[in-house]
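Report on one structure; see the data block that follows.
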Amino acid sequence: MDKQKVAILWLGSCGGCDETIVDINELILGVVNSVELVLWPVALDFKYHHIEKMADGEIALGIINGHVRNSEQAELAHLMRKKSQVILAFGACACFGGTPGLANLRSKEDIFNWVYREAPTVINPKGVYPQTKCNIDGKELTLPNMLESVYSLDQVIDVDYYLPGCPPPPYLVLKAFTAFLENTLPAKGSSLASHKALCDTCPLNASKPDKIALTEIKRIHEVEADPTKCFLSQGILCMGPATRSGCGETCININIPCRGCFGPIEMVEDSGAKYLSGLASMIDVDDEADLQNISTQVRDAMGYLYRFSLPISIMERKKL
Amino acid sequence: MKENEPKIVCFSCRFSWGYLVDEDDIYAKVENWIPIICTGKVDPVHILTAFRNGADGVLILGCPEGDCHYQDGNIEARKRINLLYNVLQSYGIDKKRLKLHLGTDPEGKTISSLVKEMADDVRKLGPSLKATSKQEKVTT
Amino acid sequence: MTKKITINPITRLEGHGKIDIFVDDKGNVEDAFWQVVELRGFERFCLGRPAEEMPRITPNICGVCPTPHNMAATKALDDLYSVSPTETAKLVRQLQYNAFMLEDHFIHFFFLSAPDFVVGPIANPALRNIVGVIQKAGIDVGKKVIDIRKRCREIMTLIGSKPAHPEGGLPGGVPRGVKEEERVWIKQTANDAVAMTQFALDIFKDVVLKNKEYVDLVMNDAYRLQTYYMGLVDDSGNVSFYDGTIRIVDPAGKEYAHFHPSDYIEHIGEWVEPWTYVRLTHLRKVGWGGLVEGDNTSLYRVGPLARLNVAKDMATPLAQKEYEQMYNILGEKPSHHTLAFHWARLIEALQAAETMKQIAENPMLTGNEIRNMNLKLKKVGIGCVEAARGTLIHHYETDDNGLLTKVNLIVATQHNAAPICMSVKKAAKKFVKGTEVEEGFLNMVEMAFRAYDPCLACATHSLNKRMPVELNIRKQDGSILRTIRSE
């Protein structure tokens with residue numbers, strides 16, 4: 001029997017989602033021997049035109065990591081959708097936009113202006129910007145166009161499954177591969193991770209008091225956090241309550257609070273908004289002045305709430 | 001001109017605002033009026049959705065302090081709104097566009113004037129930033 | 001009429017890029033452009049973020065070398081808060097950092113560069129991968145390499161939460177220390193790492209240095225580029241990854257500059273070209289001179305060979321022996337032979353392994369004092385480390401609340417961007433002749449950039465034995481003139 005074709009493509013990606021696949025180590029041998037890898041630009045020499053030549057749906061599983069931030073990435077996403085039966089959005093960037101999604105708080109012009117003109121080390125006497133098309137001594141060179149916003153994968157193409165995480169941990173990657181090979185993938189649209197919040201599996205959950213009543217919010221570098229107590233109960237912002245479980249609490253284990261890389265919990269539209277309600281209920285101040293004071297102590301609400309998920313939030317971006 | 005009239009979404013709690021009159025009377029006078037059973041039910045999701053859908057301002061009318069039928073729903077609302085201000089600011093939405101007003105008006109007579117007052121405040125800020133005019137085509 | 005050959009995407013490399021090669025009527029390469037096709041804007045969307053979040057945000061710049069970003073950010077925080085890490089914290093950080101350098105260098109050698117030498121640069125592409133290496137060197141080799149990588153990454157997980165995107169790093173310390181029972185297996189890993197790195201060097205010497213053809217390749221002018229060199233050195237002037245001062249030598253080896261990283265703006269300029277999104281760093285005081293090498297160059301290189309070129313010695317004894325042997329054989333210091341980056345990389349891996357061993361045996365590693373809480377915000381912080389690929393600088397400025405108002409990042413890839421372009425062009429000019437382009441040429445050109453960038457570990461590179469390579473030669477109007485396919 002012919003092996004099923006699997007393609008791994010990176011869009012606006014840092015490479016971490018590809019590293020995590022390698023972190024399966026020797027276990028991947030069994031998986032990969034069962035399929036035919038037809039694309040993995042970071043590791044194999046297949047080019048995009050190999051995919052272009054394939055028949056529609058010829059690829060059984062198309063794994064895409066990275067967000068969409070330029071024209072070429074959008075085109076490649078569409079190409080993969082056409083050629084693949086199943087598309088898996090792999091990693092926080094593909095699922096939610098990822099950390100670079102915070103660029104939706106700024107304009108493309110603002111970014112270009114700093115990067116190519118204003119940054120202190122830039123030397124650019126003619127104020128040159130990279131061009132989608134330019135001519136150097138009669139030679140034409142092209143670059144993809146950078147889009148105005150960052151997009152999650154499902155804002156560009158139809159996505160069948162989601163594997164969250166920054167990056168997804170190797171055990172979940174293996175689980176996803178296995179489900180695919182054994183034909184036991186859940187309903188279309190599912191996230192291939194727990195449906196519960198991080199707090200449910202967090203080792204510090206047992207230390208949580210019945211009621212958290214905060215009068216102060218503290219930043220992680222200002223205190224020596226107690227590694228045996230729930231961060232929120234110490235007044236340290238942790239995104240656990242609004243974040244999907246499945247990472248193994250790797251950050252909690254090194255005494256650092258969660259920042260939400262597994263994204264919203266099942267059926268939550270906007271995890272930042274949900275978290276705000278939860279945080280409000282933990283705040284125990286009486287008067288207006290104290291309330292304003294503690295609100296100010298949340299120094300960067302946007303950055304905490306939407307670190308990985310700004311592009312898929314209700315507002316999607318700062319309006320310009 | 002009608003297009004320039006700021007669109008205000010008004011959530012008001014039925015326990016203190018207009019509970020003596022027919023809802024239809026208030027619907028007739030106040031555009032985008034949403035009666036609720038407690039301001040504690042207003043989630044930041046609702047507020048953000050209102051802004052997302054074109055609201056220029058959001059007004060929330062709740063019960064006086066100490067008078068919440070569900071004990072502290074109005075207090076929770078106040079806390080949420082204070083926290084939400086930070087987020088709105090990052091989105092480029094001025095604080096003045098979101099307001100919580102605690103009080104009581106059984107006949108609901110002042111609701112429309114409170115909405116108008118908010119509209120006046122908000123009008124001074126100019127129209128709320130809408131989606132960027134350059135809509136990028138990323139889907140087929 | 002000029003014909004354009006496009007390789008898109010370039011593969012077996014971290015980063016998104018393409019190469020355009022222009023061939024004239026006579027079949028000679030007129031020009032070649034290595035283009036970076038992406039920009040994300042970290043320097044802008046980090047504004048308004050609390051500075052202490054940067055060790056967690058900046059690793060998302062790169063998933064192959066997130067640890068350097070995490071470390072540069074942490075050191076920038078030390079500077080920002082005018083605080084020195086405790087002795088134990090420093091050891092914990094350096095343990096994590098050297099574990100990273102080792103596994104990254106190691107994987108690059110075995111899965112990326114070794115195939116070109118162990119199997120051969122123009123050998124059948126189906127064998128020009130780890131499978132070919134294992135066939136020649138034995139299956140145990142492959143298993144040992146995966147094992148060492150795994151165990152180094154276990155150290156990184158212990159200290160940093162996860163190897164791809166570490167999350168620790170606080171001003172003046174680390175959030176989690178190391179326990180005595182953990183020291184046991186860390187020591188074992190370090191010892192095995194030293195042995196494994198020496199073994200890798202033996203392979204390199206057996207396969208490359210004893211083969212005249214390869215030695216000629218290493219010394220070939222197509223792979224030689226005369227530039228300045230930059231790297232961190234410690235107080236004794238030796239190769240340093242975690243800390244130190246920046247030293248630059250000119251193509252003849254004379255010291256050009258030696259300064260504290262805080263003064264980087266004085267020396268480094270970023271030039272902008274319309275055909276690439278990456279800014280091209282160069283020596284500011286020399287002034288951008290274009291893509292030229294030698295006497296009039298303003299370009300410098302970073303990374304393993306550059307670090308060895310600028311240093312007086314290695315910082316550890318076994319690595320030092322290898323260093324001396326390398327320069328004896330290369331016959332010049334600084335060495336301009338790009339392919340020697342591979343060799344230098346292994347010598348650095350040995351230093352990383354030896355350093356891990358030293359730290360693992362240091363009683364202070366498991367000390368209790370992991371945080372220095374004496375923080376004084378000074379609103380400017382600059383942190384510098386040597387990433388596997390080269391010098392990395394994070395520069396933060398904040399308001400009175402420690403929220404970022406300005407961010408400038410000089411990322412390792414940038415320093416080598418212009419030199420990579422030149423290396424690709426040189427190799428293309430040497431190995432591409434006419435429109436009859438052999439498949440092997442592709443690899444010879446790719447070898448020119450591969451030497452610079454440690455790449456994503458290619459454990460699965462071994463799992464697909466077919467690596468079809470297709471090259472389209474297009475006319476100016478885009479239509480295909482000829483297709484060459486390997487298989």
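The chains in the structure tokens are called A, B, ... from first to last as shown; in each chain the residues are counted from 1, and the ligands are counted from 1 in the order shown.
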Please produce, as a tab-separated table, a per-residue contact table for chain C versus chain B (criterion: any atom at most 12 Å away, only C-alpha atoms considered), showing the nearest atom pair and its distance in Å to one decimal, sorted by chain then residue number.
```
residue	atom	partner	partner_atom	distance
C:Phe45	CA	B:Ser90	CA	11.6
C:Leu47	CA	B:Ser90	CA	11.3
C:Gly48	CA	B:Ser90	CA	9.3
C:Arg49	CA	B:Ser90	CA	11.2
```
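Every residue of chain A that lies within 6 Å of chain C is listed here, counting only C-alpha atoms: A:Cys14, A:Gly15, A:Gly16, A:Pro41, A:Val42, A:Ala43, A:Asp45, A:Leu102, A:Ala103, A:Ile111, A:Thr121, A:Val122, A:Ile123, A:Asn124, A:Tyr129, A:Pro130, A:Gln131, A:Leu143, A:Thr250, A:Cys251, A:Ile254, A:Asn255.
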Next, dump the selected residues to file, keeping only C-alpha atoms, as a short mmCIF file (atom, residue, chain, number, x, y, z; two decimals), in the first residue's frame.
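For reference, part23.cif as written:
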```cif
data_model
loop_
_atom_site.label_atom_id
_atom_site.label_comp_id
_atom_site.auth_asym_id
_atom_site.auth_seq_id
_atom_site.Cartn_x
_atom_site.Cartn_y
_atom_site.Cartn_z
CA CYS A 14 10.55 31.02 14.08
CA GLY A 15 11.48 27.37 13.60
CA GLY A 16 10.50 26.32 17.12
CA PRO A 41 11.77 23.25 3.85
CA VAL A 42 13.79 23.48 7.02
CA ALA A 43 15.00 19.91 6.73
CA ASP A 45 15.14 19.84 -0.23
CA LEU A 102 1.19 41.86 18.96
CA ALA A 103 2.37 43.73 15.88
CA ILE A 111 7.38 49.15 11.75
CA THR A 121 22.10 51.81 14.20
CA VAL A 122 20.43 52.36 10.84
CA ILE A 123 22.41 54.14 8.16
CA ASN A 124 20.06 54.82 5.28
CA TYR A 129 12.56 50.74 2.06
CA PRO A 130 12.58 47.11 0.84
CA GLN A 131 10.49 46.87 -2.31
CA LEU A 143 10.16 40.27 -2.44
CA THR A 250 6.73 23.60 32.16
CA CYS A 251 6.79 27.29 33.10
CA ILE A 254 10.64 26.66 36.89
CA ASN A 255 8.75 29.10 39.11
#
```
Check the DSSP output for the backbone and give back, as a PyMOL selection string, the residues of region 201-249 of chain C in strand (DSSP E or B). chain C and resi 224+228-233+239+245-249
Residue selection dump (C-alpha atoms) as a CSV table (one decimal), in the first residue's frame:
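To be explicit, this is the file written out as part37.csv:
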```
chain,number,residue,atom,x,y,z
C,224,ARG,CA,37.4,32.4,0.8
C,228,TYR,CA,36.9,41.8,9.5
C,229,TYR,CA,35.8,39.6,12.3
C,230,MET,CA,33.9,40.2,15.5
C,231,GLY,CA,33.3,38.3,18.7
C,232,LEU,CA,33.1,38.4,22.5
C,233,VAL,CA,36.3,37.7,24.4
C,239,VAL,CA,36.6,32.8,23.3
C,245,THR,CA,33.8,42.6,25.6
C,246,ILE,CA,33.5,42.9,21.9
C,247,ARG,CA,36.7,42.6,19.9
C,248,ILE,CA,37.0,43.3,16.1
C,249,VAL,CA,40.1,42.5,14.0
```
Give me the residues near Gly248 (chain A) as number ranges by chain, where near means some atom within 9 Å (using only C-alpha atoms) and where sequence neighbours in that chain fewer than 3 positions away do not count. A: 169, 198, 201-202, 245, 251-253
Up to 6 Å from chain B, what residues of chain A turn up? Count only C-alpha atoms and give them as an NGL selection string. :A and (156 or 273 or 277 or 280 or 295 or 301-302 or 315 or 318-320)
DSSP on the backbone, then: every residue of region 148-316 of chain A marked alpha helix (DSSP H), written as a ChimeraX atom specification. /A:170-181,198-201,250-253,271-282,288-297,301-305
Selection to disk with N, CA and C atoms, as a CSV table (one decimal), in the first residue's frame:
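Done, and the output landed in result.csv:
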```csv
chain,number,residue,atom,x,y,z
A,170,PRO,N,6.4,17.8,22.6
A,170,PRO,CA,6.6,16.6,21.8
A,170,PRO,C,5.6,15.5,22.0
A,171,TYR,N,5.1,15.3,23.2
A,171,TYR,CA,4.2,14.2,23.5
A,171,TYR,C,2.9,14.5,22.8
A,172,LEU,N,2.5,15.7,22.7
A,172,LEU,CA,1.2,16.0,22.0
A,172,LEU,C,1.4,15.9,20.4
A,173,VAL,N,2.6,16.2,20.0
A,173,VAL,CA,2.9,16.1,18.6
A,173,VAL,C,2.8,14.6,18.2
A,174,LEU,N,3.4,13.8,19.0
A,174,LEU,CA,3.3,12.3,18.7
A,174,LEU,C,1.9,11.8,18.8
A,175,LYS,N,1.2,12.3,19.7
A,175,LYS,CA,-0.2,11.9,19.9
A,175,LYS,C,-1.0,12.3,18.6
A,176,ALA,N,-0.8,13.4,18.1
A,176,ALA,CA,-1.5,13.9,16.9
A,176,ALA,C,-1.1,13.0,15.7
A,177,PHE,N,0.2,12.8,15.5
A,177,PHE,CA,0.6,11.9,14.4
A,177,PHE,C,0.0,10.6,14.5
A,178,THR,N,0.0,10.0,15.7
A,178,THR,CA,-0.6,8.7,16.0
A,178,THR,C,-2.1,8.6,15.6
A,179,ALA,N,-2.8,9.7,16.1
A,179,ALA,CA,-4.2,9.7,15.8
A,179,ALA,C,-4.5,9.8,14.3
A,180,PHE,N,-3.6,10.5,13.6
A,180,PHE,CA,-3.7,10.6,12.1
A,180,PHE,C,-3.5,9.2,11.5
A,181,LEU,N,-2.4,8.6,11.9
A,181,LEU,CA,-2.1,7.3,11.3
A,181,LEU,C,-3.1,6.2,11.6
A,198,LEU,N,-5.5,25.4,32.4
A,198,LEU,CA,-4.3,25.0,33.0
A,198,LEU,C,-4.4,24.8,34.5
A,199,CYS,N,-5.2,25.6,35.2
A,199,CYS,CA,-5.4,25.4,36.6
A,199,CYS,C,-5.8,24.0,37.0
A,200,ASP,N,-6.5,23.4,36.2
A,200,ASP,CA,-7.0,22.0,36.5
A,200,ASP,C,-5.9,21.0,36.7
A,201,THR,N,-4.8,21.2,35.9
A,201,THR,CA,-3.7,20.2,36.0
A,201,THR,C,-2.5,20.8,36.7
A,250,THR,N,5.3,23.5,32.2
A,250,THR,CA,6.7,23.6,32.2
A,250,THR,C,7.2,24.9,32.7
A,251,CYS,N,6.4,26.0,32.5
A,251,CYS,CA,6.8,27.3,33.1
A,251,CYS,C,6.6,27.3,34.6
A,252,ILE,N,5.5,26.8,35.1
A,252,ILE,CA,5.2,26.7,36.5
A,252,ILE,C,6.3,26.0,37.2
A,253,ASN,N,6.8,24.9,36.5
A,253,ASN,CA,7.9,24.1,37.1
A,253,ASN,C,9.2,24.8,37.3
A,271,SER,N,-10.0,34.9,25.0
A,271,SER,CA,-9.5,34.5,26.3
A,271,SER,C,-9.1,35.7,27.1
A,272,GLY,N,-8.7,36.8,26.5
A,272,GLY,CA,-8.3,38.0,27.3
A,272,GLY,C,-9.5,38.5,28.0
A,273,ALA,N,-10.6,38.6,27.3
A,273,ALA,CA,-11.8,39.2,27.9
A,273,ALA,C,-12.2,38.3,29.1
A,274,LYS,N,-12.2,37.0,28.9
A,274,LYS,CA,-12.6,36.1,29.9
A,274,LYS,C,-11.7,36.2,31.1
A,275,TYR,N,-10.4,36.3,30.9
A,275,TYR,CA,-9.5,36.4,32.0
A,275,TYR,C,-9.7,37.7,32.8
A,276,LEU,N,-10.1,38.7,32.1
A,276,LEU,CA,-10.4,40.0,32.9
A,276,LEU,C,-11.5,39.8,33.9
A,277,SER,N,-12.5,39.1,33.5
A,277,SER,CA,-13.6,38.9,34.5
A,277,SER,C,-13.1,38.1,35.7
A,278,GLY,N,-12.3,37.1,35.4
A,278,GLY,CA,-11.8,36.2,36.4
A,278,GLY,C,-10.9,37.1,37.4
A,279,LEU,N,-10.0,37.9,36.8
A,279,LEU,CA,-9.1,38.7,37.6
A,279,LEU,C,-9.9,39.7,38.4
A,280,ALA,N,-10.9,40.3,37.8
A,280,ALA,CA,-11.8,41.2,38.6
A,280,ALA,C,-12.3,40.6,39.8
A,281,SER,N,-12.8,39.3,39.7
A,281,SER,CA,-13.4,38.7,40.8
A,281,SER,C,-12.3,38.4,41.9
A,282,MET,N,-11.0,38.4,41.5
A,282,MET,CA,-10.0,38.1,42.6
A,282,MET,C,-9.6,39.3,43.3
A,288,GLU,N,-13.1,53.4,45.1
A,288,GLU,CA,-12.8,53.7,43.7
A,288,GLU,C,-11.3,54.0,43.5
A,289,ALA,N,-10.7,54.7,44.5
A,289,ALA,CA,-9.3,55.1,44.4
A,289,ALA,C,-8.4,53.9,44.4
A,290,ASP,N,-8.7,53.0,45.4
A,290,ASP,CA,-7.9,51.7,45.5
A,290,ASP,C,-8.1,50.9,44.2
A,291,LEU,N,-9.3,50.9,43.7
A,291,LEU,CA,-9.5,50.1,42.5
A,291,LEU,C,-8.7,50.6,41.3
A,292,GLN,N,-8.7,51.9,41.2
A,292,GLN,CA,-7.9,52.5,40.1
A,292,GLN,C,-6.4,52.2,40.3
A,293,ASN,N,-6.0,52.2,41.5
A,293,ASN,CA,-4.6,52.0,41.8
A,293,ASN,C,-4.2,50.6,41.4
A,294,ILE,N,-5.0,49.6,41.8
A,294,ILE,CA,-4.7,48.2,41.5
A,294,ILE,C,-4.8,48.0,40.0
A,295,SER,N,-5.7,48.7,39.3
A,295,SER,CA,-5.8,48.5,37.9
A,295,SER,C,-4.5,49.0,37.2
A,296,THR,N,-4.0,50.1,37.7
A,296,THR,CA,-2.7,50.6,37.2
A,296,THR,C,-1.6,49.6,37.4
A,297,GLN,N,-1.7,48.8,38.5
A,297,GLN,CA,-0.6,47.9,38.7
A,297,GLN,C,-0.6,46.8,37.7
A,301,ALA,N,-1.9,45.3,30.4
A,301,ALA,CA,-3.0,44.4,30.2
A,301,ALA,C,-3.0,43.7,28.9
A,302,MET,N,-2.8,44.5,27.8
A,302,MET,CA,-2.8,43.9,26.5
A,302,MET,C,-1.8,42.8,26.3
A,303,GLY,N,-0.6,43.1,26.8
A,303,GLY,CA,0.5,42.1,26.6
A,303,GLY,C,0.3,40.9,27.5
A,304,TYR,N,-0.3,41.0,28.6
A,304,TYR,CA,-0.5,39.8,29.4
A,304,TYR,C,-1.7,39.0,28.8
A,305,LEU,N,-2.8,39.7,28.5
A,305,LEU,CA,-4.0,39.0,28.1
A,305,LEU,C,-3.9,38.4,26.7
```
From B:Ile36, B:Ile8, B:Asp24, B:Lys29, residue lying nearest Glu117 (chain B) [only C-alpha atoms]: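 Going through B:Ile36, B:Ile8, B:Asp24, B:Lys29 one by one, the smallest distance to Glu117 (chain B) is for B:Ile8.
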Within 7 Å of region 360-367 of chain C, counting only C-alpha atoms, which residues qualify if same-chain residues fewer than 5 places away don't, as a ChimeraX atom specification? /C:88,91-92,177-180,183,186-187
Pairwise distance for CA of Thr189 (chain C) and CA of Ala319 (chain C), rounded to one decimal in Å: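 Atom-to-atom, CA of Thr189 (chain C) to CA of Ala319 (chain C), that is 17.9 Å.
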Report the distance between CA of Ala315 (chain C) and CA of Phe241 (chain C) in Å, rounded to one decimal place.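 Separating CA of Ala315 (chain C) from CA of Phe241 (chain C) is a distance of 10.1 Å.
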Report as a PyMOL selection string all protein, DNA and RNA residues lying within 12 Å of Asn32 (chain B), evaluated on only C-alpha atoms, omitting residues in the same chain fewer than 2 positions from it. chain B and resi 6-12+26-30+34-35+50+53-60+111-112+115
Can you tell me which residues surround Leu125 (chain B) at a distance of at most 9 Å, considering only C-alpha atoms, apart from same-chain residues fewer than 4 positions away, and format the answer as JSON, numbers by chain? {"B": [94, 96, 97, 121]}
Expected file contents, prior selection, N, CA and C atoms, as a short mmCIF file (atom, residue, chain, number, x, y, z; two decimals), in the first residue's frame:
```cif
data_model
loop_
_atom_site.label_atom_id
_atom_site.label_comp_id
_atom_site.auth_asym_id
_atom_site.auth_seq_id
_atom_site.Cartn_x
_atom_site.Cartn_y
_atom_site.Cartn_z
N ASP B 94 -10.71 55.43 23.57
CA ASP B 94 -10.60 56.34 24.72
C ASP B 94 -11.46 55.86 25.89
N LYS B 96 -13.25 57.47 27.81
CA LYS B 96 -14.56 58.12 27.90
C LYS B 96 -15.64 57.37 27.14
N ARG B 97 -15.22 56.44 26.31
CA ARG B 97 -16.21 55.72 25.51
C ARG B 97 -16.86 54.57 26.29
N ASP B 121 -20.59 63.55 24.92
CA ASP B 121 -19.19 63.41 25.35
C ASP B 121 -18.35 62.73 24.28
#
```
When you look at region 62-69 of chain A with a cut-off of 7 Å (counting only C-alpha atoms), what residues show up, excluding the ones that are within fewer than 4 positions of it in the same chain? I need them as a compact mmCIF listing (two decimals) with C-alpha atoms, in the first residue's frame.
```txt
# COMPACT_ATOMS: atom_id res chain seq x y z
CA VAL A 6 2.51 14.33 4.67
CA ALA A 7 3.78 17.87 4.17
CA ILE A 8 5.20 20.22 6.82
CA LEU A 9 5.24 23.87 5.88
CA TRP A 10 6.39 26.92 7.79
CA LEU A 11 4.87 30.34 7.18
CA GLY A 12 5.62 33.27 9.53
CA SER A 13 7.50 31.04 11.86
CA CYS A 17 7.57 24.24 15.86
CA GLN A 73 2.68 33.05 3.09
CA ALA A 74 -0.98 33.65 2.15
CA MET A 80 -1.48 23.70 0.75
CA SER A 84 -4.27 18.60 1.20
CA VAL A 86 -6.55 17.59 6.10
CA ILE A 87 -4.88 20.77 7.36
CA LEU A 88 -3.44 20.90 10.87
CA ALA A 89 -2.69 24.34 12.30
CA PHE A 90 0.45 23.58 14.30
CA GLY A 91 1.59 25.85 17.10
CA CYS A 93 1.22 31.25 15.58
CA ALA A 94 -0.85 29.13 13.20
CA GLY A 97 -1.36 34.43 15.46
CA MET A 146 4.30 42.48 3.94
CA LEU A 147 0.62 42.64 4.88
CA SER A 149 -1.84 42.74 9.82
CA VAL A 150 -0.88 39.38 11.25
CA TYR A 151 -3.38 36.58 10.62
CA SER A 152 -3.94 33.19 12.18
CA LEU A 153 -4.12 30.34 9.70
```
Suppose you want the space between CA of Ala451 (chain C) and CA of His342 (chain C); what is it in Å? 6.2 Å
